[in-house]
file model25.pdb (PDB, C-alpha atoms)
ATOM      1  CA  MET A  29      10.163  21.450  42.839
ATOM      2  CA  VAL A  30       7.002  22.154  40.842
ATOM      3  CA  MET A  31       4.090  19.736  41.008
ATOM      4  CA  LEU A  32       1.764  19.497  38.011
ATOM      5  CA  GLY A  33      -1.841  18.454  38.379
ATOM      6  CA  ALA A  34      -3.426  15.809  36.122
ATOM      7  CA  SER A  35      -5.177  18.427  33.961
ATOM      8  CA  ASN A  36      -1.894  20.312  33.411
ATOM      9  CA  ILE A  37      -0.136  17.081  32.396
ATOM     10  CA  ARG A  38      -2.936  16.259  29.940
ATOM     11  CA  ARG A  39      -2.731  19.742  28.377
ATOM     12  CA  ALA A  40       1.070  19.568  28.053
ATOM     13  CA  THR A  41       0.857  16.081  26.523
ATOM     14  CA  MET A  42      -1.825  17.145  24.036
ATOM     15  CA  ARG A  43       0.225  20.174  23.052
ATOM     16  CA  TRP A  44       3.302  18.064  22.270
ATOM     17  CA  ILE A  45       1.353  15.252  20.587
ATOM     18  CA  GLY A  46      -1.157  17.492  18.827
ATOM     19  CA  ILE A  47       1.292  19.825  17.094
ATOM     20  CA  PRO A  48       3.291  17.099  15.276
ATOM     21  CA  SER A  49       0.053  15.295  14.373
ATOM     22  CA  LEU A  50      -1.381  18.481  12.908
ATOM     23  CA  LEU A  51       1.795  19.135  10.900
ATOM     24  CA  LEU A  52       1.799  15.558   9.579
ATOM     25  CA  ALA A  53      -1.845  15.888   8.524
ATOM     26  CA  LEU A  54      -1.103  19.137   6.688
ATOM     27  CA  VAL A  55       1.899  17.667   4.865
ATOM     28  CA  THR A  56       0.091  14.518   3.764
ATOM     29  CA  SER A  57      -3.070  16.347   2.731
ATOM     30  CA  GLY A  58      -0.982  18.450   0.357
ATOM     31  CA  CYS A  59       0.101  15.240  -1.386
ATOM     32  CA  ALA A  60      -3.409  14.034  -2.100
ATOM     33  CA  GLY A  61      -5.403  15.362  -4.938
ATOM     34  CA  HIS A  62      -5.381  13.701  -8.337
ATOM     35  CA  SER A  63      -6.150  10.246  -9.629
ATOM     36  CA  GLU A  64      -3.402   7.686 -10.067
ATOM     37  CA  ASN A  65      -2.597   5.593 -13.135
ATOM     38  CA  VAL A  66      -4.130   8.181 -15.488
ATOM     39  CA  LEU A  67      -1.877   7.390 -18.442
ATOM     40  CA  ILE A  68      -3.993   4.611 -19.946
ATOM     41  CA  PRO A  69      -4.443   5.710 -23.576
ATOM     42  CA  SER A  70      -8.000   6.622 -24.528
ATOM     43  CA  ALA A  71      -9.729   7.739 -27.688
ATOM     44  CA  ALA A  72     -10.793  10.966 -25.989
ATOM     45  CA  GLY A  73     -11.246  13.866 -28.365
ATOM     46  CA  GLY A  74     -11.792  17.569 -27.904
ATOM     47  CA  GLY A  75      -8.365  18.748 -26.786
ATOM     48  CA  THR A  76      -5.102  19.871 -28.380
ATOM     49  CA  PRO A  77      -2.684  16.949 -28.907
ATOM     50  CA  VAL A  78       0.880  17.433 -27.652
ATOM     51  CA  ASP A  79       3.380  14.851 -28.982
ATOM     52  CA  ILE A  80       6.146  14.409 -26.374
ATOM     53  CA  LEU A  81       9.425  12.511 -26.615
ATOM     54  CA  VAL A  82      10.358  11.043 -23.229
ATOM     55  CA  MET A  83      13.848  10.054 -22.169
ATOM     56  CA  SER A  84      13.914   8.352 -18.800
ATOM     57  CA  THR A  85      16.209   6.710 -16.293
ATOM     58  CA  ARG A  86      13.118   5.464 -14.442
ATOM     59  CA  GLU A  87      12.220   1.802 -14.450
ATOM     60  CA  LYS A  88       9.249   0.912 -16.658
ATOM     61  CA  SER A  89       6.133   0.197 -14.642
ATOM     62  CA  ARG A  90       4.011  -2.930 -14.891
ATOM     63  CA  THR A  91       1.041  -1.027 -13.487
ATOM     64  CA  PRO A  92      -1.395  -0.096 -16.272
ATOM     65  CA  GLY A  93      -1.681   3.645 -16.663
ATOM     66  CA  GLN A  94       1.678   4.442 -15.097
ATOM     67  CA  ILE A  95       4.279   3.827 -17.883
ATOM     68  CA  TYR A  96       7.222   4.631 -15.561
ATOM     69  CA  GLY A  97       7.532   4.143 -11.804
ATOM     70  CA  GLY A  98       9.840   5.793  -9.306
ATOM     71  CA  GLU A  99      12.671   3.253  -9.200
ATOM     72  CA  ARG A 100      15.963   3.465 -11.102
ATOM     73  CA  ALA A 101      16.445   1.581 -14.356
ATOM     74  CA  ARG A 102      19.753   0.049 -15.354
ATOM     75  CA  ASP A 103      19.782   2.120 -18.537
ATOM     76  CA  TRP A 104      17.811   4.968 -20.064
ATOM     77  CA  SER A 105      14.856   4.431 -22.365
ATOM     78  CA  LEU A 106      12.821   6.410 -24.891
ATOM     79  CA  SER A 107       9.057   6.704 -25.271
ATOM     80  CA  ARG A 108       6.652   8.795 -27.277
ATOM     81  CA  VAL A 109       3.487   9.933 -25.505
ATOM     82  CA  VAL A 110       0.701  12.042 -26.978
ATOM     83  CA  VAL A 111      -1.270  14.050 -24.410
ATOM     84  CA  SER A 112      -4.525  15.883 -25.079
ATOM     85  CA  VAL A 113      -4.767  19.299 -23.389
ATOM     86  CA  PRO A 114      -8.306  20.714 -22.985
ATOM     87  CA  PRO A 115      -9.190  23.967 -24.766
ATOM     88  CA  SER A 116      -8.147  27.130 -22.884
ATOM     89  CA  LYS A 117     -11.786  28.251 -22.487
ATOM     90  CA  ALA A 118     -12.495  25.064 -20.485
ATOM     91  CA  ARG A 119      -9.564  25.221 -18.074
ATOM     92  CA  LYS A 120      -7.463  27.471 -15.914
ATOM     93  CA  ILE A 121      -4.251  28.471 -17.716
ATOM     94  CA  GLY A 122      -1.117  27.367 -15.849
ATOM     95  CA  GLU A 123      -2.814  24.392 -14.183
ATOM     96  CA  VAL A 124      -3.195  20.725 -15.018
ATOM     97  CA  GLN A 125      -6.795  19.552 -14.988
ATOM     98  CA  TRP A 126      -6.418  15.963 -13.790
ATOM     99  CA  PRO A 127      -8.838  13.302 -15.010
ATOM    100  CA  LEU A 128     -11.335  12.373 -12.312
ATOM    101  CA  ARG A 129     -12.026   8.948 -13.779
ATOM    102  CA  TYR A 130     -11.335   6.777 -16.812
ATOM    103  CA  PRO A 131     -11.978   7.491 -19.596
ATOM    104  CA  PRO A 132     -11.197  11.179 -19.140
ATOM    105  CA  ASN A 133     -13.322  13.969 -20.549
ATOM    106  CA  ALA A 134     -10.850  15.539 -23.011
ATOM    107  CA  ALA A 135     -13.015  18.635 -23.331
ATOM    108  CA  THR A 136     -12.227  19.552 -19.705
ATOM    109  CA  GLU A 137      -9.399  17.240 -18.545
ATOM    110  CA  PHE A 138      -5.927  16.180 -19.649
ATOM    111  CA  ALA A 139      -5.922  12.788 -21.354
ATOM    112  CA  THR A 140      -3.323  10.396 -22.714
ATOM    113  CA  LEU A 141      -4.022   9.532 -26.347
ATOM    114  CA  SER A 142      -1.122   7.152 -27.040
ATOM    115  CA  ALA A 143       2.086   5.848 -25.493
ATOM    116  CA  ALA A 144       4.779   3.679 -27.077
ATOM    117  CA  SER A 145       8.441   2.847 -26.685
ATOM    118  CA  VAL A 146      10.691   4.184 -29.448
ATOM    119  CA  SER A 147      14.259   3.544 -30.530
ATOM    120  CA  GLY A 148      17.009   6.083 -30.967
ATOM    121  CA  ALA A 149      16.690   5.641 -34.749
ATOM    122  CA  GLN A 150      13.104   6.947 -34.594
ATOM    123  CA  VAL A 151      13.993  10.221 -32.833
ATOM    124  CA  ASP A 152      14.889  12.112 -36.027
ATOM    125  CA  ASP A 153      11.540  11.206 -37.599
ATOM    126  CA  TRP A 154       9.709  12.315 -34.453
ATOM    127  CA  PHE A 155      11.596  15.624 -34.420
ATOM    128  CA  LEU A 156      10.898  16.377 -38.078
ATOM    129  CA  SER A 157       7.192  15.662 -37.596
ATOM    130  CA  VAL A 158       6.815  17.697 -34.385
ATOM    131  CA  ALA A 159       9.254  20.628 -34.526
ATOM    132  CA  GLY A 160       8.031  23.895 -35.968
ATOM    133  CA  ARG A 161       9.691  25.781 -38.810
ATOM    134  CA  ARG A 162      12.407  27.135 -36.471
ATOM    135  CA  ARG A 163      13.429  23.561 -35.535
ATOM    136  CA  LYS A 164      13.818  24.197 -31.805
ATOM    137  CA  VAL A 165      13.357  21.904 -28.828
ATOM    138  CA  LEU A 166      11.916  22.508 -25.374
ATOM    139  CA  ILE A 167      13.617  20.215 -22.838
ATOM    140  CA  PHE A 168      11.795  19.889 -19.515
ATOM    141  CA  VAL A 169      13.472  18.365 -16.447
ATOM    142  CA  HIS A 170      11.182  18.037 -13.428
ATOM    143  CA  GLY A 171      12.174  18.520  -9.811
ATOM    144  CA  PHE A 172      11.932  16.629  -6.533
ATOM    145  CA  ASN A 173       8.706  14.829  -5.537
ATOM    146  CA  ASN A 174       7.279  14.333  -9.039
ATOM    147  CA  SER A 175       5.632  11.251 -10.464
ATOM    148  CA  PHE A 176       6.047  10.529 -14.159
ATOM    149  CA  ALA A 177       2.422  11.534 -14.852
ATOM    150  CA  GLU A 178       2.920  14.870 -13.055
ATOM    151  CA  ALA A 179       6.026  15.666 -15.107
ATOM    152  CA  LEU A 180       4.426  14.575 -18.396
ATOM    153  CA  TYR A 181       1.194  16.534 -17.955
ATOM    154  CA  ARG A 182       3.102  19.586 -16.700
ATOM    155  CA  LEU A 183       5.234  19.654 -19.861
ATOM    156  CA  ALA A 184       2.108  19.342 -22.024
ATOM    157  CA  GLN A 185       0.575  22.269 -20.100
ATOM    158  CA  VAL A 186       3.728  24.419 -20.413
ATOM    159  CA  LYS A 187       4.047  23.746 -24.164
ATOM    160  CA  THR A 188       0.384  24.558 -24.799
ATOM    161  CA  ASP A 189       0.189  27.644 -22.576
ATOM    162  CA  SER A 190       3.466  29.112 -23.854
ATOM    163  CA  GLY A 191       2.377  28.788 -27.482
ATOM    164  CA  THR A 192       5.837  27.595 -28.513
ATOM    165  CA  ASP A 193       6.283  25.500 -31.638
ATOM    166  CA  ALA A 194       9.384  23.830 -30.151
ATOM    167  CA  ALA A 195       9.452  20.034 -30.015
ATOM    168  CA  PRO A 196       8.763  18.990 -26.383
ATOM    169  CA  ILE A 197      11.217  16.586 -24.771
ATOM    170  CA  LEU A 198      10.763  15.344 -21.213
ATOM    171  CA  PHE A 199      13.802  14.111 -19.328
ATOM    172  CA  THR A 200      12.459  12.259 -16.314
ATOM    173  CA  TRP A 201      14.655  10.808 -13.608
ATOM    174  CA  PRO A 202      13.599   8.369 -10.845
ATOM    175  CA  SER A 203      11.627  10.352  -8.287
ATOM    176  CA  ARG A 204       9.491   8.414  -5.851
ATOM    177  CA  GLY A 205       7.012  11.287  -5.857
ATOM    178  CA  GLY A 206       6.758  11.596  -2.082
ATOM    179  CA  PRO A 207       7.697  14.326   0.388
ATOM    180  CA  PHE A 208       9.713  11.907   2.547
ATOM    181  CA  ALA A 209      11.863  10.524  -0.297
ATOM    182  CA  TYR A 210      14.160  13.525  -0.691
ATOM    183  CA  LEU A 211      17.423  11.599  -0.181
ATOM    184  CA  TYR A 212      16.412   8.923  -2.699
ATOM    185  CA  ASP A 213      15.368  11.606  -5.184
ATOM    186  CA  LYS A 214      18.611  13.536  -4.666
ATOM    187  CA  GLU A 215      20.696  10.413  -5.339
ATOM    188  CA  SER A 216      18.511   9.552  -8.355
ATOM    189  CA  ALA A 217      19.095  12.984  -9.868
ATOM    190  CA  THR A 218      22.858  12.479  -9.492
ATOM    191  CA  TYR A 219      22.528   8.948 -10.920
ATOM    192  CA  SER A 220      20.841  10.422 -14.021
ATOM    193  CA  ARG A 221      23.389  13.135 -14.869
ATOM    194  CA  ASN A 222      25.227  11.180 -17.572
ATOM    195  CA  ALA A 223      21.979  10.165 -19.285
ATOM    196  CA  LEU A 224      20.826  13.790 -19.351
ATOM    197  CA  GLU A 225      24.156  14.883 -20.820
TER     198      GLU A 225
END

call {"tool": "encode", "arguments": {"input": "model25.pdb", "output": "structure tokens"}}
result
Amino acid sequence: MVMLGASNIRRATMRWIGIPSLLLALVTSGCAGHSENVLIPSAAGGGTPVDILVMSTREKSRTPGQIYGGERARDWSLSRVVVSVPPSKARKIGEVQWPLRYPPNAATEFATLSAASVSGAQVDDWFLSVAGRRRKVLIFVHGFNNSFAEALYRLAQVKTDSGTDAAPILFTWPSRGGPFAYLYDKESATYSRNALE
């Protein structure tokens, strides 16, 4: 039988409590970073406008500046959102420069210029006004742990940085945008298959 002194017990306890606490702090700190509810339209100028058609199985949000939340809707919906991307000389290519406050500085930050629901009958008009001469589309489907704003701004960044003239379409499914919601997100992706098709 081995007897442990009080100091040995304290060290063993701290080791087993401290390691999970440290891991939890690292995981949650990786989730922090950008402002929330950044999709309130503003009259910010100075960037390149990207006109995006959004098809979503997410529930519409009642929170200003969110547009869509992370819960499942009964049916899919369409929206048209115009995002301003700052000039390449004022930002790091391949990254989204999140607004620090409202209204955003469109010369250095992504900004939402307009957002509106659209009907299926309006999609052809949107396509003809946005698609380049080759009449192609760029369909972006985000992954696990993505809020609507993250998916929207990422598509605007990809379209701008790639230089494509394809019409950008975002298909966004109900992700709760959290590292501990994997099962919900997985089921939501499956729930959204028919709408994507």

call {"tool": "closest_atom_pairs", "arguments": {"input": "model25.pdb", "of": "segment 184-203 of chain A", "to": "segment 161-180 of chain A", "cutoff": "8 Å", "atoms": "all atoms listed in the file", "output": "Markdown table"}}
result
| residue | atom | partner | partner_atom | distance |
| --- | --- | --- | --- | --- |
| A:Ala184 | CA | A:Leu180 | CA | 6.4 |
| A:Asp193 | CA | A:Lys164 | CA | 7.6 |
| A:Ala194 | CA | A:Val165 | CA | 4.6 |
| A:Ala195 | CA | A:Val165 | CA | 4.5 |
| A:Pro196 | CA | A:Leu166 | CA | 4.8 |
| A:Ile197 | CA | A:Ile167 | CA | 4.8 |
| A:Leu198 | CA | A:Phe168 | CA | 5.0 |
| A:Phe199 | CA | A:Val169 | CA | 5.1 |
| A:Thr200 | CA | A:Val169 | CA | 6.2 |
| A:Ser203 | CA | A:Asn174 | CA | 5.9 |

call {"tool": "resolve_selection", "arguments": {"input": "model25.pdb", "expression": "the PyMOL selection byres ((chain A and resi 74) around 8)", "output": "list in words"}}
result
Ala72, Gly73, Gly75, Thr76, Ser112, Pro114, Pro115, Ala134 and Ala135 of chain A

call {"tool": "closest_residue", "arguments": {"input": "model25.pdb", "among": "A:Leu67, A:Val124, A:Ala223, A:Ala149", "to": "Arg86 of chain A", "atoms": "only C-alpha atoms"}}
result
A:Ala223

call {"tool": "resolve_selection", "arguments": {"input": "model25.pdb", "expression": "the PyMOL selection byres ((chain A and resi 204) around 7)", "output": "PyMOL selection string"}}
result
chain A and resi 98-99+173+175+202-203+205-206+209+213

call {"tool": "atom_distance", "arguments": {"input": "model25.pdb", "atom1": "atom CA of Ala144 of chain A", "atom2": "atom CA of Thr188 of chain A"}}
result
21.5 Å

call {"tool": "atom_distance", "arguments": {"input": "model25.pdb", "atom1": "atom CA of Glu87 of chain A", "atom2": "atom CA of Glu123 of chain A"}}
result
27.1 Å

call {"tool": "resolve_selection", "arguments": {"input": "model25.pdb", "expression": "the PyMOL selection byres ((chain A and resi 137) around 6)", "output": "list in words"}}
result
Pro114, Gln125, Trp126, Pro127, Asn133, Ala134, Thr136 and Phe138 of chain A

call {"tool": "axis_aligned_box", "arguments": {"input": "model25.pdb", "around": "segment 71-74 of chain A", "padding_each_side": "6 Å", "output": "lines of an AutoDock Vina configuration file"}}
result
center_x = -10.8
center_y = 12.7
center_z = -27.2
size_x = 14.1
size_y = 21.8
size_z = 14.4

call {"tool": "closest_residue", "arguments": {"input": "model25.pdb", "among": "A:Pro92, A:Pro77, A:Pro207, A:Pro131", "to": "Val109 of chain A", "atoms": "all atoms listed in the file"}}
result
A:Pro77

call {"tool": "decode", "arguments": {"input": "model25.pdb", "residues": "segment 174-217 of chain A", "atoms": "N, CA and C atoms", "output": "short mmCIF file (atom, residue, chain, number, x, y, z; two decimals), in the first residue's frame"}}
result
data_model
loop_
_atom_site.label_atom_id
_atom_site.label_comp_id
_atom_site.auth_asym_id
_atom_site.auth_seq_id
_atom_site.Cartn_x
_atom_site.Cartn_y
_atom_site.Cartn_z
N ASN A 174 -20.42 26.89 -38.53
CA ASN A 174 -20.42 28.16 -39.25
C ASN A 174 -21.71 28.92 -39.02
N SER A 175 -21.60 30.17 -38.60
CA SER A 175 -22.78 31.02 -38.53
C SER A 175 -23.11 31.48 -39.95
N PHE A 176 -24.29 32.05 -40.11
CA PHE A 176 -24.68 32.56 -41.43
C PHE A 176 -23.73 33.66 -41.87
N ALA A 177 -23.39 34.58 -40.97
CA ALA A 177 -22.49 35.69 -41.32
C ALA A 177 -21.13 35.17 -41.77
N GLU A 178 -20.61 34.14 -41.08
CA GLU A 178 -19.31 33.57 -41.47
C GLU A 178 -19.36 32.99 -42.89
N ALA A 179 -20.43 32.28 -43.20
CA ALA A 179 -20.57 31.67 -44.52
C ALA A 179 -20.74 32.75 -45.60
N LEU A 180 -21.55 33.76 -45.31
CA LEU A 180 -21.80 34.83 -46.28
C LEU A 180 -20.53 35.61 -46.59
N TYR A 181 -19.84 36.06 -45.56
CA TYR A 181 -18.63 36.86 -45.77
C TYR A 181 -17.51 36.02 -46.40
N ARG A 182 -17.46 34.73 -46.08
CA ARG A 182 -16.45 33.87 -46.70
C ARG A 182 -16.70 33.74 -48.20
N LEU A 183 -17.96 33.58 -48.61
CA LEU A 183 -18.25 33.49 -50.04
C LEU A 183 -17.88 34.81 -50.74
N ALA A 184 -18.20 35.93 -50.13
CA ALA A 184 -17.84 37.22 -50.73
C ALA A 184 -16.32 37.33 -50.88
N GLN A 185 -15.58 36.86 -49.89
CA GLN A 185 -14.11 36.88 -49.95
C GLN A 185 -13.60 35.96 -51.06
N VAL A 186 -14.14 34.74 -51.16
CA VAL A 186 -13.70 33.78 -52.17
C VAL A 186 -14.00 34.33 -53.57
N LYS A 187 -15.19 34.86 -53.78
CA LYS A 187 -15.54 35.41 -55.11
C LYS A 187 -14.60 36.54 -55.48
N THR A 188 -14.34 37.46 -54.56
CA THR A 188 -13.48 38.60 -54.85
C THR A 188 -12.04 38.18 -55.08
N ASP A 189 -11.51 37.33 -54.20
CA ASP A 189 -10.10 36.94 -54.32
C ASP A 189 -9.82 36.03 -55.51
N SER A 190 -10.81 35.26 -55.93
CA SER A 190 -10.62 34.37 -57.08
C SER A 190 -10.71 35.12 -58.40
N GLY A 191 -11.37 36.27 -58.39
CA GLY A 191 -11.52 37.04 -59.62
C GLY A 191 -12.54 36.46 -60.59
N THR A 192 -13.33 35.51 -60.16
CA THR A 192 -14.32 34.89 -61.04
C THR A 192 -15.46 35.85 -61.34
N ASP A 193 -16.05 35.70 -62.52
CA ASP A 193 -17.23 36.50 -62.85
C ASP A 193 -18.50 35.65 -62.69
N ALA A 194 -18.38 34.48 -62.06
CA ALA A 194 -19.53 33.61 -61.83
C ALA A 194 -20.47 34.25 -60.80
N ALA A 195 -21.75 33.98 -60.96
CA ALA A 195 -22.76 34.48 -60.03
C ALA A 195 -22.67 33.69 -58.72
N PRO A 196 -22.46 34.38 -57.57
CA PRO A 196 -22.27 33.67 -56.30
C PRO A 196 -23.59 33.28 -55.63
N ILE A 197 -23.71 32.00 -55.34
CA ILE A 197 -24.88 31.47 -54.65
C ILE A 197 -24.40 30.78 -53.37
N LEU A 198 -25.00 31.17 -52.26
CA LEU A 198 -24.68 30.54 -50.97
C LEU A 198 -25.82 29.61 -50.60
N PHE A 199 -25.49 28.34 -50.39
CA PHE A 199 -26.46 27.42 -49.80
C PHE A 199 -26.05 27.25 -48.35
N THR A 200 -26.91 27.70 -47.45
CA THR A 200 -26.57 27.65 -46.02
C THR A 200 -27.59 26.83 -45.25
N TRP A 201 -27.09 25.83 -44.58
CA TRP A 201 -27.93 24.92 -43.80
C TRP A 201 -27.80 25.28 -42.32
N PRO A 202 -28.71 24.78 -41.46
CA PRO A 202 -28.74 25.18 -40.06
C PRO A 202 -27.56 24.66 -39.23
N SER A 203 -26.57 25.47 -39.08
CA SER A 203 -25.44 25.17 -38.20
C SER A 203 -25.55 26.08 -37.00
N ARG A 204 -25.38 25.54 -35.81
CA ARG A 204 -25.46 26.36 -34.61
C ARG A 204 -24.17 27.15 -34.39
N GLY A 205 -23.16 26.91 -35.20
CA GLY A 205 -21.95 27.72 -35.13
C GLY A 205 -21.18 27.57 -33.83
N GLY A 206 -21.17 26.37 -33.28
CA GLY A 206 -20.45 26.12 -32.04
C GLY A 206 -19.71 24.79 -32.09
N PRO A 207 -18.57 24.70 -31.43
CA PRO A 207 -17.77 23.48 -31.50
C PRO A 207 -18.42 22.28 -30.81
N PHE A 208 -19.42 22.52 -29.95
CA PHE A 208 -20.05 21.40 -29.24
C PHE A 208 -21.40 21.02 -29.83
N ALA A 209 -21.71 21.52 -31.03
CA ALA A 209 -22.99 21.25 -31.67
C ALA A 209 -22.82 20.35 -32.89
N TYR A 210 -21.81 19.52 -32.90
CA TYR A 210 -21.53 18.69 -34.07
C TYR A 210 -22.69 17.79 -34.45
N LEU A 211 -23.30 17.12 -33.48
CA LEU A 211 -24.40 16.19 -33.81
C LEU A 211 -25.59 16.94 -34.41
N TYR A 212 -25.93 18.10 -33.83
CA TYR A 212 -27.01 18.91 -34.39
C TYR A 212 -26.67 19.33 -35.81
N ASP A 213 -25.45 19.80 -36.01
CA ASP A 213 -25.02 20.24 -37.34
C ASP A 213 -25.06 19.08 -38.34
N LYS A 214 -24.61 17.92 -37.92
CA LYS A 214 -24.60 16.74 -38.80
C LYS A 214 -26.02 16.39 -39.24
N GLU A 215 -26.95 16.39 -38.28
CA GLU A 215 -28.35 16.10 -38.61
C GLU A 215 -28.96 17.20 -39.48
N SER A 216 -28.55 18.44 -39.25
CA SER A 216 -29.07 19.56 -40.06
C SER A 216 -28.59 19.47 -41.50
N ALA A 217 -27.35 19.03 -41.69
CA ALA A 217 -26.84 18.87 -43.05
C ALA A 217 -27.64 17.79 -43.78
#
